Amino acid sequence: MNITTKVNGKEIAREIDDRTMLSTFLREELSLTGTHIGCDTSGCGACTVLLNGKAVKSCTVLAARVDGEEVTTIEGMSNGSLHPLQEGFKEEHGLQCGFCTPGMIMTAADLLSRNSNPSEQEIRESLEGNFCRCTGYHNIVKAVQYAADKMNG
Amino acid sequence: MIPSSFTYKKASSVSDALAMLKEHGDEATLLAGGHSLIPALKLRLNDYGYLIDISKISELKSIDDKGDHIEIGAGVTHGEIVDSALLQSKVPFFSEAADLIGDVQVRNMGTIGGSIAHADPAADWPALLLAADATINIHNGSSSRSVAAADFFQGLFHTAVEEGEMITSISVPVSANAKTKYIKFMQPASRFAIVGCAVNLEMSGGTISSAKVAYAGVSATPFRDSAVEATLAGKSLDDATIEAAGNAAADSASIMSDHFASESYRKQMAKVYTKRALKALA
Ligand SMILES: Cc1cc2nc3c(=O)[nH]c(=O)nc-3n(C[C@H](O)[C@H](O)[C@H](O)COP(=O)(O)OP(=O)(O)OC[C@H]3O[C@@H](n4cnc5c(N)ncnc54)[C@H](O)[C@@H]3O)c2cc1C
Ligand code: FES
Ligand code: FES
């Protein structure tokens with residue numbers, strides 16, 4: 001089937017196999033390999049992207065579903081300079097191996113769009129669907145707080 | 001993981017979706033949020049020739065105040081139920097329960113209609129619909145029918161929905177004198193219910209005039225527990241009543257046992273969570 005979608009602000013038209021997952025489409029068709037596939041079974045959140053501004057696990061969304069919709073991936077977060085969330089992960093050491101980081105940032109972006117000043121508890125709850133096997137989460141929470149502070153000026 | 005091949009079709013309206021279902025018969029299935037269906041397709045537990053996407057049908061996506069009840073479209077997501085000011089104020093345990101489903105990403109995609117159609121024994125919505133005495137509205141293309149929640153859930157992954165039919169909405173009665181609560185003992189990774197307890201008490205002053213108490217995760221089929229309800233009716237919500245109601249929980253149910261929780265542990269947790277839910281309302 002043919003789909004037309006907007007990815008990171010850019011209009012994209014492609015012919016796809018109907019059963020293609022959004023994660024595969026982004027990585028293999030568009031070479032946007034910042035979206036990671038961890039579990040491929042909707043458990044780990046590494047593949048999280050924004051669909052019309054809301055965090056979704058792209059391994060569990062058909063590429064066909066985003067026809068006519070807007071997708072944002074980690075590659076769409078910076079506009080020349082780092083997004084405050086990216087800066088936060090850098091400044092607060094919010095990553096070690098970095099595998100979970102794109103998913104963490106996209107989920108945190110969904111949170112900050114709904115709640116510009118989240119508490120530590122709210123940050124932890126909103127990242128419930130994102131697993132990190134390295135950091136112990138502590139610095140990830142700090143990274144999100146850093147971004148919230150920066151975005152609130 | 002790659003599902004076996006299928007043809008994707010986007011439905012633009014309920015009648016469009018039902019016409020497609022009719023055309024393709026049992027080769028087709030509906031795709032709502034996809035958060036039960038797609039994992040199953042990827043594991044090749046299921047296999048369909050056609051997926052009919054109903055997620056963009058606007059008539060399935062509203063939450064409407066109808067006075068004595070609220071009508072929730074089948075395509076409303078769990079996240080939209082968390083955020084609904086109408087449900088928060090009139091049927092608070094619906095918003096509470098929605099917020100306990102999976103995680104943000106799951107709540108952004110999964111729908112109430114998809115959840116009840118799937119009828120996973122560990123899903124939350126079935127207990128809520130039973131305790132709210134909700135009605136499920138179903139359409140087959142030429143006529144519609146309404147089924148009480150008590151008749152809708154018929155077994156493991158089995159409901160009253162028949163081939164060629166779809167759920168269009170759920171009607172939830174509203175009462176100004178109701179006190180409601182949903183809490184669950186959850187599987188820590190997926191957050192599916194090991195024991196979910198939904199309580200809906202109709203109050204008359206300080207007295208419980210009637211009680212509806214339902215469980216998710218406990219049995220293969222979600223159920224209301226008439227023994228618990230009988231202990232509560234006519235009483236005030238004091239410690240002795242709460243203790244007696246909790247102790248009566250799940251005694252006559254046929255209880256599931258799996259690697260998350262044994263039968264006796266589940267039964268004990270049903271009692272504990274019943275007491276906790278009632279205490280929260282006292
Ligand atoms: C990681 C993870 C965690 C989860 N945690 C929980 C949890 O804690 N609690 C919980 O309750 N659930 C949980 N779920 C399940 C989630 O809520 C699903 O979204 C839900 O069970 C199915 O809804 P859906 O809209 O995604 O349906 P789909 O997956 O699209 O469809 C499911 C089935 O219902 C049918 N269907 C869909 N809509 C209709 C309709 N309108 N009429 C008739 N048939 C229809 C489809 O044909 C399909 O057979 C979790 C899922 C995941 C992936
Ligand atoms: S790769 Fe999608 S949730 Fe793990
Ligand atoms: S930094 Fe390694 S998984 Fe999170």
# chains A, B, ... in the order shown; residues from 1 in each chain; ligands from 1
$ residues_near_ligand --ligand "ligand 2" --cutoff "8 Å" --atoms "only C-alpha atoms and all ligand atoms" --output "NGL selection string"
:A and (23 or 36-48 or 57-60 or 129-130)
$ interface_residues --of "chain A" --to "chain B" --cutoff "6 Å" --atoms "only C-alpha atoms" --output "ChimeraX atom specification"
/A:18,55-56,128-129
$ residues_around --residues "range 8-16 of chain A" --least-positions-apart "2" --cutoff "7 Å" --atoms "only C-alpha atoms" --output "JSON, numbers by chain"
{"A": [1, 2, 3, 4, 5, 6, 18, 20, 71, 72, 73, 76]}
$ write_last_selection --atoms "N, CA and C atoms" --output "PDB file, in the first residue's frame"
ATOM      1  N   MET A   1       0.848  -1.193   0.000  1.00  0.00           N
ATOM      2  CA  MET A   1       0.000   0.000   0.000  1.00  0.00           C
ATOM      3  C   MET A   1       0.885   1.245   0.000  1.00  0.00           C
ATOM      4  N   ASN A   2       0.273   2.380  -0.372  1.00  0.00           N
ATOM      5  CA  ASN A   2       1.000   3.650  -0.353  1.00  0.00           C
ATOM      6  C   ASN A   2       0.624   4.456   0.877  1.00  0.00           C
ATOM      7  N   ILE A   3       1.631   5.020   1.518  1.00  0.00           N
ATOM      8  CA  ILE A   3       1.331   5.921   2.634  1.00  0.00           C
ATOM      9  C   ILE A   3       2.040   7.257   2.434  1.00  0.00           C
ATOM     10  N   THR A   4       1.378   8.289   2.964  1.00  0.00           N
ATOM     11  CA  THR A   4       1.984   9.615   2.980  1.00  0.00           C
ATOM     12  C   THR A   4       1.951  10.088   4.419  1.00  0.00           C
ATOM     13  N   THR A   5       3.093  10.473   4.917  1.00  0.00           N
ATOM     14  CA  THR A   5       3.149  10.859   6.323  1.00  0.00           C
ATOM     15  C   THR A   5       4.170  11.972   6.502  1.00  0.00           C
ATOM     16  N   LYS A   6       4.088  12.631   7.638  1.00  0.00           N
ATOM     17  CA  LYS A   6       5.063  13.673   7.925  1.00  0.00           C
ATOM     18  C   LYS A   6       5.968  13.160   9.029  1.00  0.00           C
ATOM     19  N   ASP A  18       1.932  -4.015   3.840  1.00  0.00           N
ATOM     20  CA  ASP A  18       0.916  -3.632   4.832  1.00  0.00           C
ATOM     21  C   ASP A  18       1.307  -3.990   6.266  1.00  0.00           C
ATOM     22  N   THR A  20       4.203  -3.887   7.725  1.00  0.00           N
ATOM     23  CA  THR A  20       5.404  -3.228   8.249  1.00  0.00           C
ATOM     24  C   THR A  20       5.095  -2.473   9.545  1.00  0.00           C
ATOM     25  N   VAL A  71       4.704  12.108  12.655  1.00  0.00           N
ATOM     26  CA  VAL A  71       5.586  11.342  13.533  1.00  0.00           C
ATOM     27  C   VAL A  71       6.814  12.182  13.876  1.00  0.00           C
ATOM     28  N   THR A  72       7.220  12.130  15.144  1.00  0.00           N
ATOM     29  CA  THR A  72       8.483  12.766  15.525  1.00  0.00           C
ATOM     30  C   THR A  72       9.375  11.709  16.154  1.00  0.00           C
ATOM     31  N   THR A  73      10.611  11.640  15.685  1.00  0.00           N
ATOM     32  CA  THR A  73      11.579  10.708  16.263  1.00  0.00           C
ATOM     33  C   THR A  73      12.677  11.521  16.948  1.00  0.00           C
ATOM     34  N   GLY A  76      14.286  14.283  15.194  1.00  0.00           N
ATOM     35  CA  GLY A  76      13.544  15.521  14.995  1.00  0.00           C
ATOM     36  C   GLY A  76      13.565  16.440  16.200  1.00  0.00           C
TER      37      GLY A  76
END
$ residues_around --residues "His259 in chain B" --least-positions-apart "6" --cutoff "12 Å" --atoms "only C-alpha atoms" --output "NGL selection string"
:B and (187 or 194 or 265-266)
$ residues_around --residues "range 124-126 of chain A" --least-positions-apart "6" --cutoff "9 Å" --atoms "only C-alpha atoms" --output "list in words"
Thr107, Ala108, Asp110, Leu111, Tyr137 and Val141 of chain A; Asp103 and Val104 of chain B
$ residues_near_ligand --ligand "ligand 3" --cutoff "9 Å" --atoms "only C-alpha atoms and all ligand atoms" --output "mmCIF file with N, CA, C and O atoms, in the first residue's frame"
data_model
loop_
_atom_site.group_PDB
_atom_site.id
_atom_site.type_symbol
_atom_site.label_atom_id
_atom_site.label_comp_id
_atom_site.auth_asym_id
_atom_site.auth_seq_id
_atom_site.Cartn_x
_atom_site.Cartn_y
_atom_site.Cartn_z
ATOM 1 N N ALA A 46 11.989 1.303 24.240
ATOM 2 C CA ALA A 46 13.143 1.846 23.494
ATOM 3 C C ALA A 46 12.711 2.436 22.152
ATOM 4 O O ALA A 46 13.347 3.347 21.632
ATOM 5 N N GLY A 94 22.490 11.166 32.260
ATOM 6 C CA GLY A 94 21.271 10.353 32.218
ATOM 7 C C GLY A 94 21.404 9.110 31.360
ATOM 8 O O GLY A 94 20.397 8.437 31.111
ATOM 9 N N LEU A 95 22.591 8.832 30.872
ATOM 10 C CA LEU A 95 22.759 7.616 30.066
ATOM 11 C C LEU A 95 24.115 6.983 30.306
ATOM 12 O O LEU A 95 25.066 7.667 30.693
ATOM 13 N N GLN A 96 24.153 5.674 30.078
ATOM 14 C CA GLN A 96 25.443 4.976 30.064
ATOM 15 C C GLN A 96 25.639 4.370 28.676
ATOM 16 O O GLN A 96 26.276 4.959 27.822
ATOM 17 N N CYS A 97 24.974 3.224 28.391
ATOM 18 C CA CYS A 97 25.155 2.674 27.039
ATOM 19 C C CYS A 97 24.350 3.470 26.009
ATOM 20 O O CYS A 97 24.672 3.477 24.832
ATOM 21 N N GLY A 98 23.278 4.122 26.460
ATOM 22 C CA GLY A 98 22.502 4.975 25.565
ATOM 23 C C GLY A 98 21.408 4.282 24.772
ATOM 24 O O GLY A 98 20.684 4.939 24.023
ATOM 25 N N PHE A 99 21.265 2.981 24.969
ATOM 26 C CA PHE A 99 20.278 2.264 24.148
ATOM 27 C C PHE A 99 18.853 2.734 24.442
ATOM 28 O O PHE A 99 18.035 2.890 23.533
ATOM 29 N N CYS A 100 18.561 3.008 25.697
ATOM 30 C CA CYS A 100 17.187 3.369 26.078
ATOM 31 C C CYS A 100 16.908 4.850 25.853
ATOM 32 O O CYS A 100 15.745 5.281 25.939
ATOM 33 N N THR A 101 17.970 5.636 25.634
ATOM 34 C CA THR A 101 17.857 7.095 25.715
ATOM 35 C C THR A 101 16.853 7.718 24.730
ATOM 36 O O THR A 101 16.043 8.555 25.146
ATOM 37 N N MET A 104 13.451 7.164 26.119
ATOM 38 C CA MET A 104 13.255 7.956 27.344
ATOM 39 C C MET A 104 12.941 9.407 26.978
ATOM 40 O O MET A 104 12.036 10.029 27.545
ATOM 41 N N ASN A 130 9.337 2.561 30.119
ATOM 42 C CA ASN A 130 10.674 2.635 29.524
ATOM 43 C C ASN A 130 11.691 1.991 30.452
ATOM 44 O O ASN A 130 11.862 2.441 31.584
ATOM 45 N N PHE A 131 12.350 0.964 29.954
ATOM 46 C CA PHE A 131 13.328 0.267 30.793
ATOM 47 C C PHE A 131 14.738 0.761 30.498
ATOM 48 O O PHE A 131 15.093 0.994 29.346
ATOM 49 N N CYS A 132 15.527 0.908 31.556
ATOM 50 C CA CYS A 132 16.945 1.189 31.409
ATOM 51 C C CYS A 132 17.689 0.103 32.177
ATOM 52 O O CYS A 132 17.378 -0.141 33.343
ATOM 53 N N ARG A 133 18.652 -0.529 31.527
ATOM 54 C CA ARG A 133 19.391 -1.605 32.191
ATOM 55 C C ARG A 133 20.703 -1.103 32.775
ATOM 56 O O ARG A 133 21.465 -1.866 33.331
ATOM 57 N N CYS A 134 21.003 0.180 32.598
ATOM 58 C CA CYS A 134 22.300 0.678 33.070
ATOM 59 C C CYS A 134 22.205 1.635 34.257
ATOM 60 O O CYS A 134 22.854 1.440 35.263
ATOM 61 N N THR A 135 21.421 2.687 34.129
ATOM 62 C CA THR A 135 21.623 3.847 35.014
ATOM 63 C C THR A 135 21.001 3.735 36.396
ATOM 64 O O THR A 135 21.379 4.483 37.287
ATOM 65 N N GLY A 136 19.997 2.891 36.577
ATOM 66 C CA GLY A 136 19.269 2.904 37.842
ATOM 67 C C GLY A 136 18.254 4.034 37.900
ATOM 68 O O GLY A 136 17.691 4.317 38.955
ATOM 69 N N TYR A 137 18.024 4.693 36.774
ATOM 70 C CA TYR A 137 16.955 5.680 36.595
ATOM 71 C C TYR A 137 17.190 7.041 37.274
ATOM 72 O O TYR A 137 16.607 8.051 36.888
ATOM 73 N N ILE A 140 18.281 9.763 35.090
ATOM 74 C CA ILE A 140 17.284 10.005 34.042
ATOM 75 C C ILE A 140 16.229 10.974 34.580
ATOM 76 O O ILE A 140 15.827 11.928 33.907
#
$ residues_around --residues "range 84-91 of chain A" --least-positions-apart "2" --cutoff "6 Å" --atoms "only C-alpha atoms" --output "ChimeraX atom specification"
/A:82,93-94,143,146-147
$ closest_residue --among "B:Val272, B:Cys197, B:Ala132, B:Met186" --to "ligand 1" --atoms "only C-alpha atoms and all ligand atoms"
B:Met186
$ select_by_dssp --residues "range 58-140 of chain B" --states "helix (DSSP H, G or I)" --output "PyMOL selection string"
chain B and resi 58-60+78-83+85-90+92-98+104-109+112-118+125-132
$ write_last_selection --atoms "N, CA and C atoms" --output "compact mmCIF listing (two decimals), in the first residue's frame"
# COMPACT_ATOMS: atom_id res chain seq x y z
N SER B 58 -14.37 8.91 13.65
CA SER B 58 -14.62 9.93 14.68
C SER B 58 -15.86 9.63 15.51
N GLU B 59 -16.86 8.95 14.92
CA GLU B 59 -18.08 8.68 15.70
C GLU B 59 -17.84 7.71 16.86
N LEU B 60 -16.67 7.05 16.89
CA LEU B 60 -16.38 6.13 17.99
C LEU B 60 -15.55 6.79 19.09
N HIS B 78 -7.62 4.75 26.58
CA HIS B 78 -7.49 4.75 28.05
C HIS B 78 -7.03 6.15 28.51
N GLY B 79 -6.10 6.73 27.77
CA GLY B 79 -5.58 8.05 28.13
C GLY B 79 -6.65 9.13 28.11
N GLU B 80 -7.55 9.05 27.13
CA GLU B 80 -8.64 10.04 27.06
C GLU B 80 -9.59 9.88 28.24
N ILE B 81 -9.72 8.65 28.74
CA ILE B 81 -10.58 8.43 29.92
C ILE B 81 -9.91 8.98 31.17
N VAL B 82 -8.57 8.84 31.26
CA VAL B 82 -7.84 9.44 32.40
C VAL B 82 -8.12 10.95 32.42
N ASP B 83 -8.07 11.58 31.25
CA ASP B 83 -8.16 13.04 31.15
C ASP B 83 -9.57 13.60 31.14
N ALA B 85 -12.73 15.17 32.13
CA ALA B 85 -13.24 15.85 33.32
C ALA B 85 -14.63 15.31 33.68
N LEU B 86 -15.40 14.95 32.66
CA LEU B 86 -16.75 14.42 32.88
C LEU B 86 -16.69 13.11 33.67
N LEU B 87 -15.83 12.19 33.23
CA LEU B 87 -15.71 10.90 33.93
C LEU B 87 -15.07 11.08 35.30
N GLN B 88 -14.08 11.96 35.39
CA GLN B 88 -13.44 12.21 36.69
C GLN B 88 -14.47 12.64 37.73
N SER B 89 -15.44 13.46 37.31
CA SER B 89 -16.39 13.95 38.31
C SER B 89 -17.58 13.02 38.48
N LYS B 90 -18.03 12.36 37.40
CA LYS B 90 -19.27 11.56 37.52
C LYS B 90 -19.05 10.07 37.75
N PRO B 92 -15.77 8.48 38.89
CA PRO B 92 -14.33 8.61 39.13
C PRO B 92 -13.55 7.31 39.02
N PHE B 93 -14.16 6.16 39.33
CA PHE B 93 -13.32 4.95 39.26
C PHE B 93 -12.95 4.57 37.83
N PHE B 94 -13.62 5.14 36.83
CA PHE B 94 -13.21 4.87 35.44
C PHE B 94 -11.88 5.57 35.14
N SER B 95 -11.76 6.83 35.55
CA SER B 95 -10.51 7.55 35.30
C SER B 95 -9.36 6.95 36.12
N GLU B 96 -9.70 6.59 37.37
CA GLU B 96 -8.71 5.96 38.25
C GLU B 96 -8.16 4.68 37.62
N ALA B 97 -9.06 3.85 37.13
CA ALA B 97 -8.66 2.56 36.55
C ALA B 97 -7.85 2.77 35.28
N ALA B 98 -8.30 3.70 34.45
CA ALA B 98 -7.60 3.94 33.18
C ALA B 98 -6.15 4.32 33.43
N VAL B 104 2.13 5.07 29.82
CA VAL B 104 1.65 6.19 29.01
C VAL B 104 1.45 5.77 27.55
N GLN B 105 2.44 5.07 27.00
CA GLN B 105 2.38 4.69 25.59
C GLN B 105 1.19 3.77 25.31
N VAL B 106 0.97 2.82 26.20
CA VAL B 106 -0.16 1.89 26.03
C VAL B 106 -1.48 2.68 26.14
N ARG B 107 -1.53 3.59 27.08
CA ARG B 107 -2.77 4.37 27.27
C ARG B 107 -3.03 5.32 26.10
N ASN B 108 -1.98 5.73 25.41
CA ASN B 108 -2.17 6.60 24.24
C ASN B 108 -2.75 5.86 23.05
N MET B 109 -2.59 4.55 23.01
CA MET B 109 -3.07 3.77 21.86
C MET B 109 -4.30 2.91 22.19
N ILE B 112 -10.96 1.41 25.06
CA ILE B 112 -11.86 0.67 25.95
C ILE B 112 -12.61 -0.40 25.16
N GLY B 113 -13.00 -0.08 23.93
CA GLY B 113 -13.73 -1.07 23.11
C GLY B 113 -12.85 -2.27 22.78
N GLY B 114 -11.59 -1.99 22.43
CA GLY B 114 -10.66 -3.07 22.11
C GLY B 114 -10.40 -3.95 23.32
N SER B 115 -10.29 -3.33 24.47
CA SER B 115 -10.02 -4.09 25.68
C SER B 115 -11.16 -5.04 26.02
N ILE B 116 -12.40 -4.54 25.96
CA ILE B 116 -13.50 -5.43 26.35
C ILE B 116 -13.79 -6.47 25.26
N ALA B 117 -13.52 -6.12 24.00
CA ALA B 117 -13.71 -7.11 22.92
C ALA B 117 -12.70 -8.24 23.06
N HIS B 118 -11.50 -7.87 23.49
CA HIS B 118 -10.43 -8.86 23.65
C HIS B 118 -10.71 -9.76 24.86
N TRP B 125 -10.84 -3.22 32.47
CA TRP B 125 -12.17 -2.70 32.13
C TRP B 125 -13.33 -3.64 32.46
N PRO B 126 -13.20 -4.95 32.23
CA PRO B 126 -14.35 -5.81 32.51
C PRO B 126 -14.88 -5.65 33.94
N ALA B 127 -13.98 -5.56 34.93
CA ALA B 127 -14.44 -5.41 36.32
C ALA B 127 -15.18 -4.08 36.50
N LEU B 128 -14.67 -3.04 35.85
CA LEU B 128 -15.30 -1.71 35.97
C LEU B 128 -16.70 -1.72 35.36
N LEU B 129 -16.83 -2.32 34.19
CA LEU B 129 -18.13 -2.35 33.51
C LEU B 129 -19.15 -3.14 34.33
N LEU B 130 -18.68 -4.23 34.95
CA LEU B 130 -19.59 -5.03 35.78
C LEU B 130 -20.03 -4.23 37.01
N ALA B 131 -19.07 -3.60 37.69
CA ALA B 131 -19.41 -2.87 38.91
C ALA B 131 -20.24 -1.63 38.62
N ALA B 132 -20.09 -1.08 37.42
CA ALA B 132 -20.87 0.11 37.06
C ALA B 132 -22.24 -0.28 36.50
